[in-house]
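Structure file entry-v2.cif (mmCIF, N, CA and C atoms) follows.
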```
data_protein
#
loop_
_atom_site.label_atom_id
_atom_site.label_comp_id
_atom_site.auth_asym_id
_atom_site.auth_seq_id
_atom_site.Cartn_x
_atom_site.Cartn_y
_atom_site.Cartn_z
N MET A 1 -41.21 118.90 72.77
CA MET A 1 -42.28 119.87 72.89
C MET A 1 -41.92 121.12 72.08
N ILE A 2 -42.89 121.66 71.40
CA ILE A 2 -42.68 122.84 70.56
C ILE A 2 -42.61 124.09 71.44
N ARG A 3 -41.53 124.85 71.26
CA ARG A 3 -41.33 126.08 72.02
C ARG A 3 -41.84 127.28 71.21
N ILE A 4 -42.67 128.08 71.85
CA ILE A 4 -43.30 129.21 71.17
C ILE A 4 -42.96 130.51 71.89
N ALA A 5 -42.72 131.55 71.09
CA ALA A 5 -42.58 132.91 71.61
C ALA A 5 -43.81 133.69 71.19
N ILE A 6 -44.34 134.49 72.10
CA ILE A 6 -45.46 135.35 71.76
C ILE A 6 -45.08 136.79 72.09
N ILE A 7 -45.28 137.65 71.10
CA ILE A 7 -44.97 139.07 71.27
C ILE A 7 -46.25 139.85 70.97
N ASP A 8 -46.81 140.44 72.01
CA ASP A 8 -48.05 141.21 71.87
C ASP A 8 -48.10 142.23 72.99
N ASP A 9 -48.43 143.47 72.64
CA ASP A 9 -48.42 144.53 73.65
C ASP A 9 -49.70 144.59 74.48
N GLN A 10 -50.69 143.79 74.16
CA GLN A 10 -51.93 143.75 74.94
C GLN A 10 -51.81 142.63 75.97
N LYS A 11 -51.56 143.02 77.22
CA LYS A 11 -51.27 142.04 78.26
C LYS A 11 -52.41 141.03 78.47
N LEU A 12 -53.64 141.48 78.48
CA LEU A 12 -54.76 140.56 78.69
C LEU A 12 -54.84 139.53 77.58
N PHE A 13 -54.69 139.97 76.34
CA PHE A 13 -54.70 139.01 75.23
C PHE A 13 -53.54 138.04 75.36
N ARG A 14 -52.35 138.57 75.62
CA ARG A 14 -51.15 137.74 75.72
C ARG A 14 -51.32 136.68 76.81
N GLN A 15 -51.81 137.08 77.96
CA GLN A 15 -51.99 136.14 79.07
C GLN A 15 -53.02 135.06 78.72
N GLY A 16 -54.12 135.46 78.10
CA GLY A 16 -55.13 134.48 77.70
C GLY A 16 -54.61 133.53 76.63
N PHE A 17 -53.86 134.04 75.69
CA PHE A 17 -53.31 133.21 74.63
C PHE A 17 -52.28 132.23 75.19
N LEU A 18 -51.52 132.68 76.17
CA LEU A 18 -50.54 131.80 76.82
C LEU A 18 -51.25 130.61 77.48
N ILE A 19 -52.35 130.88 78.14
CA ILE A 19 -53.11 129.80 78.79
C ILE A 19 -53.58 128.80 77.73
N LEU A 20 -54.11 129.31 76.62
CA LEU A 20 -54.57 128.43 75.53
C LEU A 20 -53.40 127.60 74.99
N LEU A 21 -52.27 128.23 74.72
CA LEU A 21 -51.12 127.50 74.18
C LEU A 21 -50.63 126.42 75.14
N GLU A 22 -50.63 126.72 76.43
CA GLU A 22 -50.22 125.72 77.42
C GLU A 22 -51.21 124.56 77.46
N GLN A 23 -52.50 124.86 77.33
CA GLN A 23 -53.52 123.79 77.29
C GLN A 23 -53.34 122.92 76.05
N LEU A 24 -52.84 123.50 74.98
CA LEU A 24 -52.59 122.75 73.75
C LEU A 24 -51.23 122.04 73.78
N GLN A 25 -50.58 122.06 74.94
CA GLN A 25 -49.32 121.35 75.18
C GLN A 25 -48.10 121.97 74.49
N TYR A 26 -48.08 123.30 74.38
CA TYR A 26 -46.91 123.99 73.86
C TYR A 26 -46.14 124.59 75.02
N ASP A 27 -44.84 124.73 74.83
CA ASP A 27 -43.96 125.32 75.82
C ASP A 27 -43.75 126.78 75.43
N ILE A 28 -44.03 127.70 76.33
CA ILE A 28 -43.84 129.12 76.05
C ILE A 28 -42.41 129.48 76.46
N SER A 29 -41.55 129.68 75.47
CA SER A 29 -40.15 129.98 75.77
C SER A 29 -39.93 131.47 75.99
N ILE A 30 -40.75 132.30 75.33
CA ILE A 30 -40.62 133.76 75.49
C ILE A 30 -42.00 134.38 75.45
N GLU A 31 -42.23 135.27 76.41
CA GLU A 31 -43.42 136.11 76.42
C GLU A 31 -42.91 137.54 76.46
N ALA A 32 -43.29 138.34 75.46
CA ALA A 32 -42.77 139.70 75.39
C ALA A 32 -43.87 140.69 75.02
N ALA A 33 -43.77 141.88 75.59
CA ALA A 33 -44.74 142.93 75.33
C ALA A 33 -44.35 143.82 74.15
N ASN A 34 -43.06 143.76 73.77
CA ASN A 34 -42.59 144.61 72.67
C ASN A 34 -41.31 144.03 72.09
N GLY A 35 -40.82 144.68 71.06
CA GLY A 35 -39.64 144.19 70.36
C GLY A 35 -38.39 144.19 71.20
N ASP A 36 -38.16 145.27 71.95
CA ASP A 36 -36.96 145.33 72.78
C ASP A 36 -36.96 144.23 73.84
N ASP A 37 -38.11 144.00 74.43
CA ASP A 37 -38.28 142.94 75.43
C ASP A 37 -37.97 141.57 74.81
N PHE A 38 -38.49 141.34 73.60
CA PHE A 38 -38.24 140.08 72.90
C PHE A 38 -36.76 139.89 72.59
N ILE A 39 -36.12 140.94 72.05
CA ILE A 39 -34.70 140.85 71.67
C ILE A 39 -33.85 140.53 72.91
N GLU A 40 -34.17 141.15 74.02
CA GLU A 40 -33.42 140.88 75.25
C GLU A 40 -33.61 139.43 75.69
N LYS A 41 -34.83 138.93 75.63
CA LYS A 41 -35.12 137.56 76.11
C LYS A 41 -34.56 136.49 75.18
N ILE A 42 -34.62 136.70 73.87
CA ILE A 42 -34.13 135.68 72.94
C ILE A 42 -32.61 135.60 72.97
N SER A 43 -31.96 136.67 73.33
CA SER A 43 -30.49 136.67 73.36
C SER A 43 -29.93 135.82 74.51
N HIS A 44 -30.78 135.36 75.40
CA HIS A 44 -30.34 134.51 76.51
C HIS A 44 -30.33 133.04 76.12
N GLY A 45 -30.44 132.73 74.84
CA GLY A 45 -30.29 131.36 74.37
C GLY A 45 -31.54 130.52 74.39
N ASN A 46 -32.69 131.12 74.57
CA ASN A 46 -33.93 130.34 74.58
C ASN A 46 -34.68 130.54 73.25
N THR A 47 -34.06 130.12 72.17
CA THR A 47 -34.63 130.28 70.84
C THR A 47 -35.89 129.44 70.69
N PRO A 48 -37.00 130.06 70.30
CA PRO A 48 -38.24 129.30 70.12
C PRO A 48 -38.26 128.56 68.78
N ASP A 49 -39.20 127.66 68.63
CA ASP A 49 -39.42 126.97 67.35
C ASP A 49 -40.31 127.79 66.43
N ILE A 50 -41.19 128.58 67.02
CA ILE A 50 -42.13 129.43 66.28
C ILE A 50 -42.30 130.74 67.05
N ILE A 51 -42.47 131.82 66.31
CA ILE A 51 -42.74 133.13 66.92
C ILE A 51 -44.12 133.60 66.47
N LEU A 52 -44.95 133.98 67.44
CA LEU A 52 -46.24 134.60 67.16
C LEU A 52 -46.07 136.09 67.39
N LEU A 53 -46.22 136.87 66.34
CA LEU A 53 -45.91 138.30 66.37
C LEU A 53 -47.15 139.13 66.07
N ASP A 54 -47.54 139.97 67.02
CA ASP A 54 -48.65 140.90 66.83
C ASP A 54 -48.33 141.84 65.66
N THR A 55 -49.33 142.15 64.86
CA THR A 55 -49.10 142.99 63.69
C THR A 55 -48.91 144.46 64.02
N GLN A 56 -49.34 144.89 65.22
CA GLN A 56 -49.21 146.32 65.56
C GLN A 56 -48.62 146.48 66.95
N LEU A 57 -47.30 146.50 67.02
CA LEU A 57 -46.61 146.71 68.29
C LEU A 57 -46.30 148.18 68.50
N LYS A 58 -46.27 148.59 69.74
CA LYS A 58 -45.84 149.94 70.09
C LYS A 58 -44.31 149.91 70.28
N GLY A 59 -43.68 151.05 70.14
CA GLY A 59 -42.22 151.10 70.23
C GLY A 59 -41.64 150.63 68.91
N MET A 60 -40.78 149.62 68.96
CA MET A 60 -40.27 149.02 67.72
C MET A 60 -41.46 148.38 67.01
N ASP A 61 -41.76 148.84 65.80
CA ASP A 61 -42.93 148.31 65.11
C ASP A 61 -42.71 146.86 64.67
N SER A 62 -43.79 146.17 64.38
CA SER A 62 -43.75 144.75 64.05
C SER A 62 -42.91 144.47 62.81
N TYR A 63 -43.00 145.33 61.82
CA TYR A 63 -42.23 145.15 60.59
C TYR A 63 -40.73 145.19 60.88
N SER A 64 -40.29 146.18 61.65
CA SER A 64 -38.87 146.29 62.00
C SER A 64 -38.41 145.08 62.82
N LEU A 65 -39.25 144.64 63.75
CA LEU A 65 -38.89 143.47 64.55
C LEU A 65 -38.81 142.22 63.67
N LEU A 66 -39.74 142.05 62.75
CA LEU A 66 -39.70 140.90 61.85
C LEU A 66 -38.41 140.92 61.02
N ARG A 67 -38.02 142.08 60.52
CA ARG A 67 -36.76 142.17 59.76
C ARG A 67 -35.59 141.76 60.65
N TRP A 68 -35.58 142.19 61.90
CA TRP A 68 -34.51 141.82 62.83
C TRP A 68 -34.50 140.29 63.04
N ILE A 69 -35.68 139.70 63.22
CA ILE A 69 -35.78 138.25 63.40
C ILE A 69 -35.26 137.53 62.17
N LYS A 70 -35.64 137.96 60.98
CA LYS A 70 -35.23 137.29 59.74
C LYS A 70 -33.71 137.37 59.55
N ILE A 71 -33.08 138.42 60.02
CA ILE A 71 -31.63 138.54 59.93
C ILE A 71 -30.93 137.67 60.97
N ASN A 72 -31.42 137.71 62.21
CA ASN A 72 -30.74 137.06 63.32
C ASN A 72 -31.18 135.61 63.58
N TYR A 73 -32.40 135.27 63.22
CA TYR A 73 -32.94 133.92 63.42
C TYR A 73 -33.73 133.51 62.17
N PRO A 74 -33.06 133.40 61.04
CA PRO A 74 -33.77 133.18 59.77
C PRO A 74 -34.53 131.86 59.68
N ASN A 75 -34.17 130.89 60.51
CA ASN A 75 -34.84 129.58 60.43
C ASN A 75 -36.04 129.46 61.36
N VAL A 76 -36.34 130.50 62.13
CA VAL A 76 -37.49 130.46 63.03
C VAL A 76 -38.69 131.09 62.32
N PRO A 77 -39.73 130.29 62.05
CA PRO A 77 -40.89 130.84 61.36
C PRO A 77 -41.69 131.80 62.24
N VAL A 78 -42.25 132.81 61.60
CA VAL A 78 -43.04 133.82 62.29
C VAL A 78 -44.47 133.76 61.77
N ILE A 79 -45.42 133.74 62.71
CA ILE A 79 -46.84 133.81 62.38
C ILE A 79 -47.34 135.18 62.82
N ALA A 80 -47.98 135.90 61.91
CA ALA A 80 -48.51 137.23 62.21
C ALA A 80 -49.86 137.09 62.93
N LEU A 81 -49.97 137.67 64.13
CA LEU A 81 -51.22 137.68 64.89
C LEU A 81 -51.94 138.99 64.58
N HIS A 82 -53.19 138.90 64.16
CA HIS A 82 -53.88 140.12 63.74
C HIS A 82 -55.32 140.19 64.22
N ASP A 83 -55.80 141.43 64.33
CA ASP A 83 -57.22 141.71 64.55
C ASP A 83 -57.87 141.87 63.18
N LYS A 84 -59.18 141.92 63.16
CA LYS A 84 -59.89 142.05 61.88
C LYS A 84 -59.58 143.37 61.18
N ASN A 85 -59.13 144.38 61.92
CA ASN A 85 -58.84 145.69 61.33
C ASN A 85 -57.38 145.86 60.93
N ASP A 86 -56.58 144.81 61.05
CA ASP A 86 -55.14 144.90 60.80
C ASP A 86 -54.72 144.37 59.43
N PHE A 87 -55.60 144.32 58.47
CA PHE A 87 -55.31 143.69 57.20
C PHE A 87 -54.05 144.25 56.54
N HIS A 88 -53.93 145.56 56.50
CA HIS A 88 -52.76 146.20 55.88
C HIS A 88 -51.46 145.77 56.56
N PHE A 89 -51.45 145.77 57.90
CA PHE A 89 -50.25 145.39 58.65
C PHE A 89 -49.94 143.91 58.48
N MET A 90 -50.99 143.08 58.42
CA MET A 90 -50.79 141.65 58.22
C MET A 90 -50.13 141.40 56.86
N LEU A 91 -50.62 142.05 55.82
CA LEU A 91 -50.03 141.89 54.49
C LEU A 91 -48.57 142.34 54.48
N GLN A 92 -48.29 143.43 55.17
CA GLN A 92 -46.91 143.93 55.24
C GLN A 92 -46.00 142.87 55.86
N LEU A 93 -46.46 142.21 56.92
CA LEU A 93 -45.63 141.19 57.57
C LEU A 93 -45.49 139.95 56.69
N LEU A 94 -46.55 139.57 56.00
CA LEU A 94 -46.46 138.42 55.10
C LEU A 94 -45.47 138.69 53.98
N ARG A 95 -45.49 139.89 53.43
CA ARG A 95 -44.55 140.25 52.38
C ARG A 95 -43.11 140.30 52.90
N ALA A 96 -42.95 140.59 54.19
CA ALA A 96 -41.62 140.70 54.78
C ALA A 96 -41.07 139.37 55.29
N GLY A 97 -41.87 138.31 55.22
CA GLY A 97 -41.33 137.01 55.59
C GLY A 97 -42.09 136.20 56.61
N ALA A 98 -43.19 136.72 57.15
CA ALA A 98 -44.01 135.88 58.03
C ALA A 98 -44.56 134.73 57.19
N VAL A 99 -44.61 133.52 57.76
CA VAL A 99 -45.00 132.35 56.97
C VAL A 99 -46.51 132.24 56.80
N THR A 100 -47.27 132.77 57.74
CA THR A 100 -48.72 132.75 57.65
C THR A 100 -49.27 133.74 58.67
N HIS A 101 -50.58 133.76 58.80
CA HIS A 101 -51.21 134.67 59.77
C HIS A 101 -52.24 133.90 60.58
N LEU A 102 -52.60 134.48 61.70
CA LEU A 102 -53.57 133.87 62.60
C LEU A 102 -54.39 134.99 63.21
N SER A 103 -55.69 134.88 63.07
CA SER A 103 -56.58 135.88 63.64
C SER A 103 -56.63 135.74 65.15
N LYS A 104 -56.65 136.86 65.85
CA LYS A 104 -56.76 136.83 67.30
C LYS A 104 -58.11 136.29 67.76
N SER A 105 -59.06 136.18 66.85
CA SER A 105 -60.37 135.62 67.19
C SER A 105 -60.51 134.16 66.74
N ALA A 106 -59.41 133.53 66.35
CA ALA A 106 -59.44 132.14 65.88
C ALA A 106 -59.85 131.19 67.01
N THR A 107 -60.43 130.08 66.63
CA THR A 107 -60.79 129.05 67.60
C THR A 107 -59.53 128.28 68.02
N PRO A 108 -59.57 127.62 69.16
CA PRO A 108 -58.42 126.80 69.56
C PRO A 108 -58.03 125.76 68.50
N ALA A 109 -59.01 125.20 67.81
CA ALA A 109 -58.71 124.21 66.76
C ALA A 109 -57.93 124.85 65.62
N VAL A 110 -58.27 126.06 65.24
CA VAL A 110 -57.55 126.76 64.17
C VAL A 110 -56.14 127.11 64.62
N VAL A 111 -55.99 127.55 65.86
CA VAL A 111 -54.66 127.85 66.41
C VAL A 111 -53.79 126.59 66.35
N GLN A 112 -54.34 125.48 66.82
CA GLN A 112 -53.61 124.21 66.83
C GLN A 112 -53.21 123.79 65.41
N ARG A 113 -54.15 123.85 64.49
CA ARG A 113 -53.88 123.44 63.11
C ARG A 113 -52.82 124.33 62.45
N THR A 114 -52.92 125.63 62.67
CA THR A 114 -51.96 126.57 62.07
C THR A 114 -50.55 126.30 62.58
N ILE A 115 -50.41 126.15 63.88
CA ILE A 115 -49.09 125.88 64.45
C ILE A 115 -48.54 124.56 63.94
N GLN A 116 -49.37 123.53 63.91
CA GLN A 116 -48.91 122.22 63.45
C GLN A 116 -48.50 122.25 61.97
N GLU A 117 -49.24 122.99 61.14
CA GLU A 117 -48.88 123.11 59.73
C GLU A 117 -47.53 123.81 59.57
N VAL A 118 -47.29 124.85 60.34
CA VAL A 118 -46.02 125.57 60.27
C VAL A 118 -44.88 124.66 60.73
N VAL A 119 -45.08 123.94 61.83
CA VAL A 119 -44.06 123.01 62.31
C VAL A 119 -43.77 121.96 61.25
N HIS A 120 -44.81 121.41 60.65
CA HIS A 120 -44.64 120.37 59.63
C HIS A 120 -43.86 120.91 58.42
N LEU A 121 -44.23 122.08 57.95
CA LEU A 121 -43.54 122.67 56.79
C LEU A 121 -42.08 122.95 57.08
N HIS A 122 -41.78 123.45 58.26
CA HIS A 122 -40.40 123.84 58.57
C HIS A 122 -39.55 122.68 59.05
N SER A 123 -40.15 121.58 59.42
CA SER A 123 -39.35 120.40 59.79
C SER A 123 -38.88 119.64 58.56
N HIS A 124 -39.45 119.96 57.41
CA HIS A 124 -39.08 119.29 56.17
C HIS A 124 -38.17 120.14 55.28
N ARG A 125 -37.58 121.17 55.85
CA ARG A 125 -36.69 122.04 55.08
C ARG A 125 -35.27 121.64 55.26
#
```

Show this structure as structure tokens.
Amino acid sequence: MIRIAIIDDQKLFRQGFLILLEQLQYDISIEAANGDDFIEKISHGNTPDIILLDTQLKGMDSYSLLRWIKINYPNVPVIALHDKNDFHFMLQLLRAGAVTHLSKSATPAVVQRTIQEVVHLHSHR
């Protein structure tokens, strides 16, 4: 089963997205509201297969967290989660190493396809 981490400071969105991911048969290994929360949880040995990272986090910003992930967990792909108004932040994360992006308004089919494509690409490396 594919283990996913989701980092988003909007609790309602995060909870709803978790329900969708579980319905799509993914295992949620980490749920975090911010970068510090994520760093603490991942250090307990529950490394995910994929990280879904909100483009605009409070506290430690998403760009800084992505840089930390790329240094400490370089083989774990990161997908940037964005709103329609986050284009600048999404591009910043893509340039910093996120493998792709996913709109927070995407359909379940698009979420499933995006995750499967990332898994497929990274399983062949």

At most 9 Å from (-48.1, 142.9, 58.5), file frame, only C-alpha atoms: which residues, as a ChimeraX atom specification?
-> /A:54-56,62-63,80-82,86-96,98,101

Run the PyMOL selection byres ((chain A and resi 59) around 8) mentally over the shown coordinates, then write out the matched residues as a list of chain:residue names, using the chain letters and numbers from the document.
->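 Listing what the PyMOL selection byres ((chain A and resi 59) around 8) selects in the shown file: A:Asn34, A:Gly35, A:Asp36, A:Gln56, A:Leu57, A:Lys58, A:Met60, A:Asp61, A:Ser62.
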
Let me know the residues the PyMOL selection byres ((chain A and resi 112-121) around 8) catches in the file above, as a list of chain:residue names.
->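 Output of the PyMOL selection byres ((chain A and resi 112-121) around 8): A:Leu24, A:Asp49, A:Ile50, A:Pro77, A:Val99, A:Thr100, A:His101, A:Leu102, A:Ala106, A:Thr107, A:Pro108, A:Ala109, A:Val110, A:Val111, A:His122, A:Ser123, A:His124, A:Arg125.
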
Output of the PyMOL selection byres (((chain A and resi 46 and name CA) around 10) and name CA), listed as a list in words =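 Selection result, ordered by chain and number: Arg3, Ala5, Ser29, Ile30, Lys41, Ile42, Ser43, His44, Gly45, Thr47, Pro48 and Asp49 of chain A.
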
Apply DSSP to the structure's backbone, then extract all residues of chain A labelled helix (DSSP H, G or I) and return them as a VMD selection string.
-> chain A and resid 11 to 23 35 to 42 62 to 72 87 to 96 108 to 123

Between CA of Ala32 (chain A) and CA of Asp9 (chain A) lies a distance of 7.6 Å

Find the distance between CA of Lys104 (chain A) and CA of Gln25 (chain A) and write it in Å to one decimal.
-> 18.9 Å

Between atom N of Asn75 (chain A) and atom C of Ile6 (chain A) - distance in Å to one decimal | 17.0 Å
